[in-house]
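So this one's structure-v4.cif, mmCIF, C-alpha atoms:
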data_target
#
loop_
_atom_site.label_atom_id
_atom_site.label_comp_id
_atom_site.auth_asym_id
_atom_site.auth_seq_id
_atom_site.Cartn_x
_atom_site.Cartn_y
_atom_site.Cartn_z
CA MET A 69 138.41 30.22 72.03
CA GLN A 70 139.91 33.69 72.38
CA PRO A 71 141.65 34.49 75.68
CA VAL A 72 140.07 37.14 77.89
CA LEU A 73 142.26 40.22 78.29
CA ILE A 74 142.13 41.74 81.78
CA PRO A 75 143.56 45.25 82.11
CA HIS A 76 144.61 46.38 85.58
CA THR A 77 144.63 50.14 85.02
CA PRO A 78 142.69 52.57 82.82
CA GLU A 79 145.89 53.05 80.82
CA ASP A 80 146.09 49.29 80.17
CA LEU A 81 142.47 49.35 79.02
CA ALA A 82 143.11 52.21 76.60
CA GLU A 83 146.22 50.52 75.20
CA ILE A 84 144.45 47.20 74.61
CA ILE A 85 141.50 48.84 72.88
CA ALA A 86 143.71 51.03 70.70
CA SER A 87 145.86 48.07 69.68
CA ALA A 88 142.81 46.08 68.62
CA ALA A 89 141.30 49.02 66.77
CA SER A 90 144.51 49.64 64.84
CA ARG A 91 144.22 46.08 63.54
CA LYS A 92 140.48 46.46 62.83
CA GLN A 93 139.77 43.68 65.33
CA THR A 94 136.27 43.38 66.74
CA ILE A 95 136.02 43.77 70.53
CA SER A 96 133.70 42.28 73.12
CA LEU A 97 133.78 44.41 76.26
CA GLY A 98 132.23 43.47 79.61
CA GLY A 99 132.63 43.18 83.34
CA ALA A 100 131.15 40.40 85.45
CA ASN A 101 128.69 39.53 82.64
CA THR A 102 125.73 39.38 85.01
CA LYS A 103 123.51 40.85 82.29
CA ARG A 104 124.40 38.61 79.35
CA ARG A 105 120.67 38.09 78.79
CA MET A 106 120.12 41.86 78.69
CA ALA A 107 119.94 43.91 75.48
CA GLY A 108 121.38 42.60 72.22
CA PRO A 109 123.50 39.52 71.55
CA ILE A 110 127.11 39.17 72.60
CA LEU A 111 128.52 38.43 69.15
CA PRO A 112 131.79 36.56 68.62
CA ALA A 113 134.71 38.98 68.59
CA ASP A 114 138.40 38.89 67.82
CA ILE A 115 139.26 39.89 71.39
CA THR A 116 137.37 39.90 74.69
CA ILE A 117 138.11 42.40 77.45
CA SER A 118 136.99 42.11 81.07
CA THR A 119 137.17 45.12 83.41
CA THR A 120 136.89 43.05 86.60
CA SER A 121 140.44 43.91 87.72
CA LEU A 122 139.71 47.62 87.52
CA ASN A 123 138.29 47.44 91.03
CA ARG A 124 139.90 50.20 93.09
CA VAL A 125 138.33 53.00 95.08
CA LEU A 126 140.29 56.00 93.83
CA CYS A 127 138.92 58.81 95.97
CA TYR A 128 136.28 58.82 98.68
CA GLU A 129 135.29 62.05 100.41
CA PRO A 130 132.46 61.24 102.85
CA ARG A 131 132.14 64.87 103.95
CA ASP A 132 131.85 66.08 100.36
CA LEU A 133 129.41 63.29 99.49
CA THR A 134 131.48 62.13 96.50
CA ILE A 135 133.31 58.97 95.49
CA SER A 136 135.42 57.90 92.51
CA VAL A 137 135.73 54.18 91.71
CA GLU A 138 136.96 52.03 88.87
CA ALA A 139 134.44 50.36 86.60
CA GLY A 140 135.16 46.79 87.66
CA LEU A 141 134.31 47.27 91.32
CA ARG A 142 131.33 45.14 92.37
CA TRP A 143 128.23 47.16 93.09
CA SER A 144 127.58 45.19 96.28
CA GLU A 145 131.05 46.02 97.62
CA LEU A 146 130.51 49.70 96.89
CA THR A 147 127.12 49.64 98.59
CA ARG A 148 128.42 47.96 101.73
CA MET A 149 131.36 50.34 102.02
CA LEU A 150 129.12 53.41 101.75
CA ALA A 151 126.68 52.00 104.27
CA GLY A 152 129.48 52.11 106.85
CA ASN A 153 129.21 55.90 106.66
CA ALA A 154 125.40 55.92 106.40
CA GLN A 155 125.63 56.92 102.72
CA MET A 156 124.25 55.40 99.53
CA ILE A 157 123.90 55.52 95.75
CA PRO A 158 120.20 54.60 95.54
CA LEU A 159 120.06 53.09 92.06
CA ASP A 160 118.87 49.67 93.33
CA PRO A 161 119.98 47.87 90.13
CA PRO A 162 119.07 44.24 89.41
CA PHE A 163 121.85 41.65 89.69
CA ALA A 164 123.41 43.96 92.28
CA GLU A 165 125.32 41.30 94.21
CA ASN A 166 127.74 40.50 91.36
CA ALA A 167 127.26 43.35 88.88
CA THR A 168 130.09 45.82 88.38
CA VAL A 169 129.85 49.59 88.57
CA GLY A 170 130.61 49.84 84.86
CA GLY A 171 127.88 47.36 83.99
CA VAL A 172 125.30 49.18 86.09
CA VAL A 173 126.14 52.50 84.46
CA ALA A 174 126.55 51.17 80.90
CA SER A 175 123.11 49.54 81.10
CA ASN A 176 121.55 52.52 82.90
CA ALA A 177 120.11 50.12 85.46
CA SER A 178 117.86 51.46 88.19
CA GLY A 179 115.21 50.33 90.63
CA PRO A 180 112.31 51.36 92.87
CA ARG A 181 113.83 54.56 94.28
CA ARG A 182 114.35 56.11 90.85
CA ARG A 183 111.22 58.20 91.41
CA ILE A 184 112.84 60.48 93.97
CA TYR A 185 116.58 60.02 93.44
CA GLY A 186 116.70 59.65 89.66
CA SER A 187 118.77 57.38 87.44
CA ALA A 188 122.51 57.07 86.78
CA ARG A 189 122.36 60.28 84.74
CA ASP A 190 121.37 62.09 87.94
CA LEU A 191 123.90 60.45 90.26
CA VAL A 192 127.01 60.22 88.05
CA ILE A 193 128.98 63.47 88.25
CA GLY A 194 132.09 62.45 86.34
CA MET A 195 133.68 59.68 84.34
CA LYS A 196 136.80 58.51 82.55
CA PHE A 197 136.44 56.34 79.48
CA ALA A 198 138.90 54.85 77.00
CA THR A 199 138.28 55.45 73.29
CA LEU A 200 139.25 53.31 70.33
CA ALA A 201 141.92 55.90 69.59
CA GLY A 202 143.63 54.94 72.84
CA LYS A 203 142.79 58.16 74.64
CA ILE A 204 141.42 58.42 78.16
CA VAL A 205 138.73 61.07 78.15
CA GLN A 206 137.68 62.73 81.38
CA SER A 207 134.16 64.13 81.58
CA GLY A 208 132.70 65.96 84.57
CA GLY A 209 134.62 65.88 87.81
CA MET A 210 134.34 65.38 91.56
CA VAL A 211 131.92 68.15 92.39
CA VAL A 212 128.16 67.71 92.58
CA LYS A 213 127.46 70.67 90.28
CA ASN A 214 129.67 70.83 87.20
CA VAL A 215 128.35 72.94 84.34
CA ALA A 216 131.50 73.62 82.31
CA GLY A 217 131.02 72.30 78.79
CA LEU A 218 129.42 69.19 77.32
CA ASP A 219 129.35 66.18 79.64
CA MET A 220 130.33 63.44 77.20
CA GLY A 221 130.15 60.88 79.98
CA LYS A 222 126.37 61.03 79.77
CA LEU A 223 126.62 59.41 76.35
CA MET A 224 128.21 56.34 77.94
CA ILE A 225 125.26 55.81 80.30
CA GLY A 226 122.96 53.26 78.69
CA SER A 227 125.27 52.71 75.70
CA PHE A 228 126.09 49.07 76.62
CA GLY A 229 129.76 49.64 75.81
CA THR A 230 129.10 50.38 72.14
CA LEU A 231 130.89 53.76 72.14
CA ALA A 232 133.90 53.45 74.46
CA ALA A 233 135.07 51.61 77.57
CA ILE A 234 134.08 53.08 80.92
CA ALA A 235 137.13 53.04 83.20
CA VAL A 236 136.25 55.27 86.19
CA VAL A 237 132.94 56.60 87.51
CA ASN A 238 132.41 59.45 89.98
CA PHE A 239 129.17 59.53 91.96
CA LYS A 240 127.43 62.01 94.18
CA LEU A 241 126.34 60.31 97.39
CA ILE A 242 123.08 60.52 99.29
CA PRO A 243 122.87 60.34 103.11
CA GLN A 244 120.83 57.38 104.25
CA PRO A 245 117.47 58.49 105.68
CA SER A 246 117.24 58.65 109.44
CA LEU A 247 113.97 56.71 109.41
CA GLU A 248 112.19 54.51 106.87
CA ARG A 249 108.94 52.61 106.83
CA SER A 250 107.22 50.78 104.01
CA PHE A 251 103.59 49.99 103.36
CA LEU A 252 102.14 47.15 101.29
CA LEU A 253 98.54 47.91 100.40
CA ALA A 254 96.28 45.28 98.80
CA PHE A 255 93.62 45.88 96.14
CA PRO A 256 91.29 43.40 94.43
CA SER A 257 91.50 45.32 91.14
CA LEU A 258 94.03 47.27 89.13
CA ALA A 259 91.69 50.27 89.13
CA GLY A 260 91.84 50.34 92.93
CA ALA A 261 95.64 50.28 92.94
CA ILE A 262 95.80 53.06 90.33
CA SER A 263 93.31 55.16 92.31
CA ALA A 264 95.44 54.77 95.44
CA ARG A 265 98.56 55.67 93.45
CA ASP A 266 96.85 58.81 92.19
CA ALA A 267 95.79 59.79 95.71
CA ILE A 268 99.39 59.56 96.92
CA LEU A 269 100.79 61.53 93.98
CA GLN A 270 98.21 64.27 94.48
CA SER A 271 98.94 64.53 98.21
CA VAL A 272 101.82 66.23 100.01
CA LEU A 273 103.53 62.85 100.44
CA GLN A 274 106.73 62.20 98.50
CA PRO A 275 107.58 58.51 98.92
CA ALA A 276 110.99 57.29 97.82
CA ALA A 277 109.36 54.40 95.95
CA LEU A 278 105.85 53.75 94.70
CA ASP A 279 105.51 50.40 92.92
CA ILE A 280 102.45 48.57 91.66
CA LEU A 281 102.75 44.77 91.75
CA SER A 282 100.57 42.51 89.61
CA PRO A 283 98.86 39.36 91.00
CA PRO A 284 101.60 36.89 89.93
CA LEU A 285 104.06 38.87 92.08
CA THR A 286 101.80 39.40 95.08
CA ALA A 287 101.08 35.65 95.13
CA HIS A 288 104.72 35.08 96.08
CA LEU A 289 104.17 37.49 98.98
CA GLY A 290 101.22 35.48 100.26
CA ARG A 291 98.64 37.98 99.00
CA GLN A 292 96.00 38.18 96.28
CA GLY A 293 95.16 40.79 93.68
CA TYR A 294 97.24 43.89 93.07
CA ALA A 295 99.49 45.59 95.60
CA LEU A 296 100.93 49.04 96.05
CA ALA A 297 104.36 49.11 97.68
CA VAL A 298 105.20 52.47 99.24
CA ARG A 299 108.61 53.37 100.72
CA ALA A 300 108.47 56.34 103.09
CA THR A 301 111.47 58.23 104.45
CA GLY A 302 111.88 61.16 106.83
CA ASN A 303 111.63 61.98 110.50
CA THR A 304 109.20 60.61 113.05
CA ALA A 305 106.56 63.25 112.31
CA SER A 306 106.58 62.56 108.57
CA ILE A 307 106.42 58.79 109.07
CA ASP A 308 103.46 59.26 111.40
CA ARG A 309 101.81 61.30 108.65
CA TYR A 310 102.31 58.43 106.24
CA GLU A 311 100.71 56.03 108.73
CA LYS A 312 97.56 58.16 108.88
CA GLU A 313 97.39 58.77 105.15
CA MET A 314 97.96 55.11 104.20
CA ALA A 315 95.17 54.01 106.55
CA GLY A 316 92.76 56.17 104.57
CA ILE A 317 93.99 54.99 101.16
CA GLY A 318 93.88 51.22 101.51
CA SER A 319 94.23 48.20 103.75
CA GLY A 320 97.56 46.53 104.22
CA VAL A 321 100.58 46.23 106.44
CA ALA A 322 103.38 48.51 107.60
CA LEU A 323 106.89 47.07 107.41
CA ASP A 324 110.05 47.98 109.30
CA GLY A 325 113.55 46.57 109.63
CA ALA A 326 114.18 43.15 108.12
CA ASP A 327 110.62 42.80 106.78
CA GLN A 328 110.95 46.08 104.90
CA ASP A 329 114.36 45.13 103.51
CA SER A 330 112.99 41.76 102.41
CA LEU A 331 110.17 43.39 100.44
CA TRP A 332 112.43 45.70 98.46
CA ARG A 333 115.03 42.99 97.86
CA TYR A 334 112.23 40.85 96.45
CA ILE A 335 111.22 43.63 94.07
CA GLN A 336 114.79 44.54 93.13
CA ASN A 337 115.82 40.93 92.46
CA PHE A 338 112.60 39.64 90.89
CA THR A 339 113.89 39.79 87.32
CA GLU A 340 117.01 37.81 88.18
CA ARG A 341 115.03 35.09 89.99
CA PHE A 342 112.38 34.94 87.27
CA LEU A 343 114.91 34.47 84.48
CA ASP A 344 116.81 31.86 86.49
CA SER A 345 113.62 29.79 86.86
CA HIS A 346 112.36 30.28 83.27
CA PRO A 347 114.98 29.22 80.69
CA ASP A 348 112.96 30.73 77.84
CA GLY A 349 111.80 33.69 79.92
CA ALA A 350 112.00 37.33 78.89
CA MET A 351 111.35 40.73 80.40
CA VAL A 352 109.88 43.66 78.49
CA ARG A 353 110.37 47.23 79.66
CA VAL A 354 107.72 49.76 78.65
CA SER A 355 108.02 53.49 79.27
CA CYS A 356 104.76 55.40 79.22
CA THR A 357 102.95 58.32 80.80
CA LEU A 358 101.48 57.99 84.28
CA LYS A 359 98.02 58.12 82.72
CA GLU A 360 98.86 55.22 80.38
CA LEU A 361 100.15 53.02 83.19
CA GLU A 362 96.76 51.39 83.83
CA GLN A 363 96.31 50.58 80.15
CA VAL A 364 99.78 49.01 79.93
CA LEU A 365 99.25 46.83 83.00
CA SER A 366 95.77 45.76 81.97
CA SER A 367 97.04 44.60 78.56
CA THR A 368 98.97 41.62 79.98
CA GLU A 369 98.66 38.91 82.61
CA ALA A 370 102.44 38.70 82.92
CA ALA A 371 104.19 39.16 86.25
CA ALA A 372 104.67 42.93 86.21
CA ILE A 373 106.26 45.60 88.37
CA ALA A 374 105.27 49.17 87.58
CA ARG A 375 107.05 52.26 88.82
CA GLY A 376 103.89 54.07 89.80
CA GLY A 377 105.49 57.49 90.00
CA SER A 378 107.66 57.41 86.88
CA GLY A 379 105.69 55.39 84.30
CA VAL A 380 107.92 52.38 83.69
CA VAL A 381 106.56 48.82 83.54
CA TYR A 382 108.68 45.65 83.74
CA ALA A 383 106.65 42.69 82.46
CA HIS A 384 107.99 39.14 82.80
CA PHE A 385 106.99 36.38 80.36
CA ALA A 386 107.74 32.67 80.58
CA ASN A 387 107.89 32.59 76.76
CA SER A 388 110.23 34.96 74.93
CA VAL A 389 108.22 34.93 71.69
CA ALA A 390 105.12 36.07 73.60
CA ALA A 391 107.21 38.82 75.18
CA ALA A 392 108.37 40.10 71.78
CA GLU A 393 104.81 40.05 70.45
CA TRP A 394 103.61 42.13 73.41
CA ALA A 395 106.48 44.59 72.93
CA ARG A 396 105.61 44.95 69.25
CA GLU A 397 101.94 45.57 70.08
CA GLY A 398 102.98 48.11 72.70
CA ALA A 399 105.09 49.96 70.16
CA ARG A 400 102.08 50.10 67.82
CA ARG A 401 100.14 51.75 70.64
CA GLY A 402 102.81 54.38 71.02
CA TRP A 403 104.53 53.01 74.11
CA LYS A 404 108.33 52.91 74.26
CA ALA A 405 108.85 49.15 74.46
CA VAL A 406 111.99 47.05 74.42
CA VAL A 407 112.69 43.38 75.12
CA GLU A 408 115.21 44.10 77.85
CA PHE A 409 116.10 40.50 78.78
CA CYS A 410 115.74 37.26 76.83
CA PRO A 411 117.77 34.09 76.15
CA GLU A 412 120.91 34.62 74.09
CA SER A 413 119.68 31.95 71.68
CA GLN A 414 116.59 34.02 70.83
CA LYS A 415 118.19 37.42 70.30
CA GLU A 416 118.90 36.97 66.60
CA ARG A 417 115.33 36.01 65.71
CA LEU A 418 113.31 38.36 67.95
CA GLU A 419 112.70 42.06 67.37
CA LEU A 420 114.15 43.43 70.59
CA TRP A 421 113.53 47.13 69.96
CA PRO A 422 110.53 47.43 67.65
CA ALA A 423 110.36 51.24 67.46
CA PRO A 424 113.63 53.07 68.30
CA GLY A 425 112.13 56.53 67.93
CA GLY A 426 112.95 59.76 66.18
CA ASP A 427 116.32 60.28 67.86
CA PHE A 428 117.79 57.03 66.54
CA ASP A 429 119.49 58.80 63.61
CA VAL A 430 121.41 60.92 66.12
CA MET A 431 122.42 57.77 68.02
CA GLN A 432 123.76 56.24 64.83
CA LYS A 433 125.81 59.36 64.09
CA VAL A 434 127.26 59.33 67.62
CA LYS A 435 128.18 55.66 67.18
CA LEU A 436 130.05 56.45 63.97
CA MET A 437 131.89 59.32 65.67
CA PHE A 438 133.23 57.03 68.39
CA ASP A 439 133.44 53.77 66.46
CA PRO A 440 133.50 54.35 62.67
CA ASP A 441 134.57 50.77 61.92
CA GLN A 442 131.81 49.20 64.07
CA LEU A 443 134.26 47.23 66.22
CA LEU A 444 133.03 47.64 69.77
CA ASN A 445 130.27 45.48 71.32
CA ARG A 446 128.55 44.99 67.99
CA GLY A 447 124.79 44.65 68.30
CA ARG A 448 124.69 45.04 72.07
CA LEU A 449 122.30 48.00 71.91
CA TYR A 450 119.27 45.75 71.25
CA ARG A 451 120.76 44.67 67.92
CA ARG A 452 120.30 48.19 66.54
CA LEU A 453 123.89 49.38 67.17
#
So, in terms of structure tokens, how does the structure I just supplied come out?
Amino acid sequence: MQPVLIPHTPEDLAEIIASAASRKQTISLGGANTKRRMAGPILPADITISTTSLNRVLCYEPRDLTISVEAGLRWSELTRMLAGNAQMIPLDPPFAENATVGGVVASNASGPRRRIYGSARDLVIGMKFATLAGKIVQSGGMVVKNVAGLDMGKLMIGSFGTLAAIAVVNFKLIPQPSLERSFLLAFPSLAGAISARDAILQSVLQPAALDILSPPLTAHLGRQGYALAVRATGNTASIDRYEKEMAGIGSGVALDGADQDSLWRYIQNFTERFLDSHPDGAMVRVSCTLKELEQVLSSTEAAAIARGGSGVVYAHFANSVAAAEWAREGARRGWKAVVEFCPESQKERLELWPAPGGDFDVMQKVKLMFDPDQLLNRGRLYRRL
């Protein structure tokens, strides 16, 4: 078994990677490995690198709403530190308690509040990454608006470490809202939940999160049928407006404080709990238009969470083969489907990414620019790269 190399500085990371590359050694790169079941297989490699000791906060400017941290810092530690100043990075990634900053960014993980705050590509303002040539490349900076030149750091987001090693990430910060209230509305049918979703999107309301939950999920919340989870933020007047509007849209409950936090933790952590309780379980992510959302949800009885305002569905299957079949059928219908999580033992036999799309040729060319010898995190991008 190969020893795990643990760099303590970005310079150490660059030196280790360059040394391996000069010997044409294959490299497995990771952090806390909370998402081993995500994306493609973790193939055997000549050397393994862990970024967990790159865990410093390099620069934090609360007044400027910016922070720079190393990639191995735990996401939960970062979140708790920012909360002390009533600030946040509202990505809401799964596996947040133990995941590292680098892992969250490299997997482009996000959660319910993506609708209003965006993904990592919207919240990352700068980055340093180590290339196989041993260089530390800086992209972006520490200002919220940086328009000088090509932001190469964006290529690292969602690349699963197949291009280079993320060493440092700079984020823009968001002030925590002064007031929040959530609403959980119940509907006997999917059509009712979609109709309520449409009514909210067509109104003046702009909720931070708007999730549709399928019956297998609502059952765990002590409810039946479909549910619409709405997260409202603002001042007292705007929250009162939500109260009135929600009463006219559907029946349900309003949640504050611990009850509200519990609901969104349940949604954020559902994938982790589901996979822990289903050894052969898998999760399929489908991206579609808002109009197609009803068709996607109605095509499966799996436990599903749908981002009602952004058109992303996360469907959870107890059987990984069934998940891959549904993803393949979704791709035939024109949906962007990928088996996002499944057991490591199944990754070689299942088609994880049935239809990569027209831009895949560009992705392959970028891979060859950064890693011409195919050394880094081989196959981690859903076994395509």
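The space between atom CA of Thr116 of chain A and atom CA of Ile74 of chain A spans 8.7 Å.
Those residues that approach Gln292 of chain A to within 8 Å, counting all atoms listed in the file, are Ala254, Pro256, Pro283 and Thr286 of chain A; same-chain residues fewer than 6 positions away are not listed.
Nearest residue to Ser257 of chain A, choosing from A:Leu223, A:Leu281, A:Met156, A:Ile110 and counting all atoms listed in the file: A:Leu281.
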Counting all atoms listed in the file, find the residues whose atoms lie at most 12 Å from (102.6, 54.6, 71.1) (file coordinates) and write them out as a list in words. Val354, Ser355, Cys356, Thr357, Glu360, Gln363, Val364, Ala395, Arg396, Glu397, Gly398, Ala399, Arg400, Arg401, Gly402, Trp403, Lys404, Ala405, Pro422, Ala423, Pro424 and Gly425 of chain A
Okay, now the selection with C-alpha atoms, as a PDB file, in the frame of the given file?
ATOM      1  CA  VAL A 354     107.720  49.760  78.650  1.00  0.00           C
ATOM      2  CA  SER A 355     108.020  53.490  79.270  1.00  0.00           C
ATOM      3  CA  CYS A 356     104.760  55.400  79.220  1.00  0.00           C
ATOM      4  CA  THR A 357     102.950  58.320  80.800  1.00  0.00           C
ATOM      5  CA  GLU A 360      98.860  55.220  80.380  1.00  0.00           C
ATOM      6  CA  GLN A 363      96.310  50.580  80.150  1.00  0.00           C
ATOM      7  CA  VAL A 364      99.780  49.010  79.930  1.00  0.00           C
ATOM      8  CA  ALA A 395     106.480  44.590  72.930  1.00  0.00           C
ATOM      9  CA  ARG A 396     105.610  44.950  69.250  1.00  0.00           C
ATOM     10  CA  GLU A 397     101.940  45.570  70.080  1.00  0.00           C
ATOM     11  CA  GLY A 398     102.980  48.110  72.700  1.00  0.00           C
ATOM     12  CA  ALA A 399     105.090  49.960  70.160  1.00  0.00           C
ATOM     13  CA  ARG A 400     102.080  50.100  67.820  1.00  0.00           C
ATOM     14  CA  ARG A 401     100.140  51.750  70.640  1.00  0.00           C
ATOM     15  CA  GLY A 402     102.810  54.380  71.020  1.00  0.00           C
ATOM     16  CA  TRP A 403     104.530  53.010  74.110  1.00  0.00           C
ATOM     17  CA  LYS A 404     108.330  52.910  74.260  1.00  0.00           C
ATOM     18  CA  ALA A 405     108.850  49.150  74.460  1.00  0.00           C
ATOM     19  CA  PRO A 422     110.530  47.430  67.650  1.00  0.00           C
ATOM     20  CA  ALA A 423     110.360  51.240  67.460  1.00  0.00           C
ATOM     21  CA  PRO A 424     113.630  53.070  68.300  1.00  0.00           C
ATOM     22  CA  GLY A 425     112.130  56.530  67.930  1.00  0.00           C
TER      23      GLY A 425
END
Need to verify the contact set: Gly186 of chain A, 9 Å, all atoms listed in the file, exclusion of same-chain residues closer than 6 positions in sequence. Can you return it as a count of residues only? 3
